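Chemist: Just passing along the structure, written as structure tokens.
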Amino acid sequence: MIYYLWRRILYAIPILFGINLITFVLFFMVNTPDDIARMHLGNKHVEQQSIEDWKIAHGYNLPLFINHDQSGLKQFEETLFFQKSLKLFTFEFGVSDAGRDISHDISYRMWPSLAIAVPILIFGIIAEIIIAMAMAFFRATYLDLTGVVMCIILMSISSLFYIIGGQYLFGKILKLVPISGYDGGFEAIKFIILPITVAVIGSLGAGARWYRTLFLEEMNKEYVKTARAKGLSERRVMFKHVLQNTLLPILTGVVVIIPSLFMGSLVLESFFGVPGLGSYIIDAIQQQDFAIVRAMVFLGSILYIIGLVLTDFSYMLADPRVRLS
Amino acid sequence: MSFEFLLTDKCFLVVLIIGFFMTLWSLRREPVRHSFAIIMQRPIAVSAGIVLLFFLCIGVLDSIHFKSVTSGDENATSLLDKLIAPLGSTYEKTYSKPFALSLFVSETKLVNGLPQQTYPRLRYVPKEIETDAQKVRVITQCLWSVLGISLAITIGLWITIVLIKFGRGDSKAYLPNLTSSAALITFFAMVYLLICGYCLSRTFHVFGTGQIGQDIFYFSIKSIRTGLIIGLLTTLFMMPLALFLGVGAGYFGGVVDDVIQYIYTTLSSIPGVLLITASVLSLQAYMANHPEQFPTLAESADARLLALCLILGVTSWTSLCRLLRAEALKLREVDYVLAARALGSSWFTIIRKHLLPNVMHIVVITLVLDFSFLVMAEAVLSYVGVGVSPMTISWGNMINGARLELARDPVVWWPIFAAFVFMFLLVLAINLFADAVRDAFDPHQSNG
């Protein structure tokens, strides 16, 4: 198992390197630092001198891959690729184009993101499982059909409408909660309750329908027939046997997104004014701050890869037949 | 007057033509015909298909552009613009409610030296309609007469179909069954809505006007093309990548497999929105620095739409590729492929004759399922600021603008309502249709 862990980590390195290269190509070769500088300084009538000044001030005044002015190892160290891209591996995110320390911003903004993302995940799964189980229990009845159609209808509404509708209904008309904003400590609850509700309802359709198929698949298996044949009531079959066995694939399927919860949700956070990592990215995009976007792409990829490794482990823990080799 | 096809027009029409002929061609095969028969038996799927066809027709009409006669005109006019002519060319001053006679916002005017609050009349609505009672009369008159027309069209269609079936020797064709009645009702509803929308939009702003006085109904209709293009062109870019790389990786194995696996694992490890964002930001910077390649605003907006499809395609082929690789890996070892190889068939023949037809169901299911996702993704991306250009008329841009309108008091609800209705109809139709396609084409589900 230790051996497997090492192999997974070693395998992640070339992937991370690839990601690094892709972001580098996107941000430095498609658009040269000159282009970035020109965009920040306003597109027209920028003198070459002010571009050079901007590049020096933000550390972009280096060659891409090889620095011929230096000697030895410095040839590779004093380059944009090393300074801006490879340093991400050591979690040195550097400063944003606006001059703020990115690592500090991330560690500070992580918590509001988690405060929203974790409850969404937990409540979402619980609600989806309950509804999916009800539909599977009453399968092939009108209740089931109505449920499936409702799920498809819920799925067909863009998440933006859920957010806007929720804000309008609960925030503006009923005035139950503030429309947007955030506060530290327990005061935060009244701000996060609406985004959580909206997000749970928004993902209910797709989730419940997917889990319903998982339940139905499980209910067609032989052991369920055996359980029925030996005279167990349908309710007992459902709660005792099917639920337990379906819960495993559901939970292992969720594991992959757990590390990514740190990243928060782009649209949700920005709509509700939550100062998390999601709105951080949106702000960076709107201010064309490429340094932040680059750092967040890398961070998101690392978290996703960690999620993949965790998924493999959870499969192994859940099912003794799975051997990692 | 001559035709002028924008880049996206060409791609869109080409995709539709290819799709049409591919469908016809694949219908020659028995299993595909069987799957089609299953879809045609489901009333919901048939209704959804009819709604989709209406949307597609509007999209196609909107994709045939003319060279504008006046050279100063930035926006190319399409066939659809010509058909609904006065609509979209006139602008009011600012907001007005659906079917309103006057503006939503009052103006201060000096009457006899005294300032007075008045609601100016809309320019679009004919002078003859002065009071609300007259307005209601005009609307009801229109609704009733269109009811007759669309009933006549629907019954005419039904009679034609029945007669054709009679000609083929089906003597019971006139008997209604669930599917055909659902189809006829849907057809009737769509025709009714279409003609009603057309007639009422002659005299009124059906969905009101927006901030700069643009007709919301016109904007919603024009957005259909954008949504369809995002959904369809993305698949055009995604499919060859996923198909060739996925099947290739599965069939050849070894180093080819390793390289392709590495590529798609790397790409799929980057969170989707961020990769799209990074690509679009680079694109934006490129377009800002090379303005000479995009002479008009319409062309640059069009290029950006196409590039967005390309980016979405490049970022979303990985999941399909993974599925195809797994399937090809399985198929490589089945008897008929082994036999073909033993008989000396080349790899090209084996892939073309044995692998491709047997992975097509995965491709079809994924494409249809992705379609609705892409239409909705457009709205989110436009909100984030990395979607289509602000020049392009799209639901995403409409929703984006509507956020501030909802904060107004009294609230301006109609732009977002219109975007919601149109988008919901399209996505719901796609989802219902996709559901049937999945059930019909997936060999694992066909028994259940």
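Going by the structure tokens order, chains are called A, B, ..., each with residues numbered from 1, while ligands are numbered from 1 in the order shown.
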I need the residues in stretch 171-397 of chain B that are alpha helix (DSSP H) according to DSSP; give them as number ranges by chain.

Modeler: B: 178-203, 216-252, 254-269, 272-289, 297-331, 335-342, 347-350, 356-384, 395-397

Chemist: Tell me as a CSV table (one decimal) with C-alpha atoms, in the first residue's frame which residues belonging to chain B come within 8 Å of chain A, counting only C-alpha atoms.

Modeler:
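As a result, iface_24.csv now contains:
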chain,number,residue,atom,x,y,z
B,262,TYR,CA,-1.0,11.2,-20.2
B,265,THR,CA,-5.2,13.0,-17.7
B,266,THR,CA,-3.2,16.2,-17.7
B,267,LEU,CA,-6.0,18.1,-19.4
B,269,SER,CA,-6.8,17.5,-14.0
B,270,ILE,CA,-7.1,21.2,-14.6
B,271,PRO,CA,-10.5,22.3,-13.3
B,274,LEU,CA,-10.2,27.5,-15.0
B,275,LEU,CA,-8.8,26.0,-18.1
B,277,THR,CA,-10.9,30.9,-18.4
B,278,ALA,CA,-7.1,30.7,-18.9
B,279,SER,CA,-7.6,30.0,-22.6
B,281,LEU,CA,-8.1,35.3,-21.3
B,282,SER,CA,-5.2,34.4,-23.6
B,285,ALA,CA,-5.3,39.4,-25.0
B,286,TYR,CA,-4.4,38.1,-28.5
B,288,ALA,CA,-6.8,43.0,-28.2
B,289,ASN,CA,-3.2,43.0,-29.6
B,372,SER,CA,-27.6,20.8,-22.7
B,376,MET,CA,-26.1,26.2,-19.8
B,379,ALA,CA,-24.6,31.5,-19.5
B,380,VAL,CA,-22.2,30.8,-16.6
B,383,TYR,CA,-21.3,35.8,-16.3
B,384,VAL,CA,-17.8,35.0,-15.3
B,385,GLY,CA,-16.7,37.3,-18.1
B,399,ILE,CA,-28.9,37.3,-17.7
B,403,ARG,CA,-28.8,41.3,-12.3
B,406,LEU,CA,-33.7,43.0,-10.4
B,420,PHE,CA,-35.4,32.0,-18.6
B,423,MET,CA,-33.4,28.8,-22.3
B,424,PHE,CA,-35.5,26.5,-20.2
B,427,VAL,CA,-32.6,22.8,-22.4
B,428,LEU,CA,-35.7,20.9,-21.2
B,431,ASN,CA,-32.7,16.8,-21.8
B,432,LEU,CA,-35.9,14.9,-22.4

Chemist: So that I can see what lies close to A:Met110, please list as a list in words the residues with an atom at most 7 Å from it, counting only C-alpha atoms and leaving out residues fewer than 5 positions away in the same chain.

Modeler: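 Final neighbour list, sorted by chain and number: Phe262, Gly276 and Leu277 of chain A.
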
Chemist: What is the distance between atom CA of B:Leu343 and atom CA of B:Glu30, in Å to one decimal?

Modeler: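 Separation of atom CA of B:Leu343 and atom CA of B:Glu30: 25.8 Å.
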
Chemist: Can you list, as a tab-separated table (two decimals) with C-alpha atoms, in the first residue's frame, every protein, DNA or RNA residue that comes within 9 Å of A:Ala227 when you count only C-alpha atoms, leaving out same-chain residues fewer than 5 positions away?

Modeler:
chain	number	residue	atom	x	y	z
A	222	GLU	CA	-29.17	-11.50	-7.21
A	232	LEU	CA	-38.01	-10.09	4.00
A	233	SER	CA	-40.36	-7.16	3.66
A	237	VAL	CA	-34.71	-5.16	1.85
A	241	HIS	CA	-29.46	-4.38	2.11

Chemist: Neighbouring residues of stretch 229-232 of chain B were defined as those with any atom within 7 Å, considering only C-alpha atoms; residues of the same chain fewer than 6 positions away were excluded. Please report them as a ChimeraX atom specification.

Modeler: /B:12,309,371,374-375

Chemist: For A:Gly185, work out the shell of residues within 12 Å, counting only C-alpha atoms and skipping chain neighbours fewer than 3 positions away, then give it as JSON, numbers by chain.

Modeler: {"A": [111, 112, 115, 182, 188, 189, 190, 191, 192]}

Chemist: Give me a file of those residues, with C-alpha atoms, as an mmCIF file, in the first residue's frame.

Modeler:
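Final output, part.cif:
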data_model
loop_
_atom_site.group_PDB
_atom_site.id
_atom_site.type_symbol
_atom_site.label_atom_id
_atom_site.label_comp_id
_atom_site.auth_asym_id
_atom_site.auth_seq_id
_atom_site.Cartn_x
_atom_site.Cartn_y
_atom_site.Cartn_z
ATOM 1 C CA TRP A 111 -12.237 29.484 5.081
ATOM 2 C CA PRO A 112 -15.321 31.230 3.733
ATOM 3 C CA ALA A 115 -17.905 27.271 5.182
ATOM 4 C CA TYR A 182 -20.263 37.766 4.685
ATOM 5 C CA ALA A 188 -21.793 34.090 9.086
ATOM 6 C CA ILE A 189 -24.706 31.668 9.396
ATOM 7 C CA LYS A 190 -27.313 34.133 8.249
ATOM 8 C CA PHE A 191 -25.204 34.919 5.211
ATOM 9 C CA ILE A 192 -24.381 31.376 4.170
#

Chemist: So, counting only C-alpha atoms, which residue among A:Ile2, A:Ile173, A:Leu216, A:Ile131 is closest to B:Ala407?

Modeler: A:Ile173

Chemist: Excluding B:Lys330 and any residue of its chain fewer than 2 positions from it, enumerate the residues within 12 Å of it, using only C-alpha atoms, and give them as a list in words.

Modeler: Val247, Ala249, Gly250, Tyr251, Gly253, Leu323, Leu324, Arg325, Ala326, Glu327, Ala328, Arg332, Glu333, Val334, Asp335, Val337, Leu338, Leu355, Asn358 and Val359 of chain B

Chemist: Can you write just those residues out, C-alpha atoms, as a compact mmCIF listing (two decimals), in the first residue's frame?

Modeler:
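Saved the output as out16.txt:
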# COMPACT_ATOMS: atom_id res chain seq x y z
CA VAL B 247 -10.12 4.46 -30.17
CA ALA B 249 -5.31 4.47 -27.52
CA GLY B 250 -7.56 1.51 -26.81
CA TYR B 251 -6.71 -0.38 -29.98
CA GLY B 253 -2.09 0.10 -26.54
CA LEU B 323 -14.99 6.14 -22.31
CA LEU B 324 -14.01 5.33 -25.89
CA ARG B 325 -10.60 4.05 -24.87
CA ALA B 326 -12.13 1.68 -22.33
CA GLU B 327 -14.61 0.39 -24.91
CA ALA B 328 -11.94 -0.04 -27.59
CA ARG B 332 -9.83 -5.33 -29.19
CA GLU B 333 -10.07 -8.76 -27.62
CA VAL B 334 -13.46 -9.90 -28.93
CA ASP B 335 -13.56 -12.81 -31.35
CA VAL B 337 -11.72 -8.49 -34.18
CA LEU B 338 -9.22 -11.26 -33.46
CA LEU B 355 -14.47 -0.67 -33.83
CA ASN B 358 -19.49 -0.48 -32.14
CA VAL B 359 -18.49 2.58 -30.15
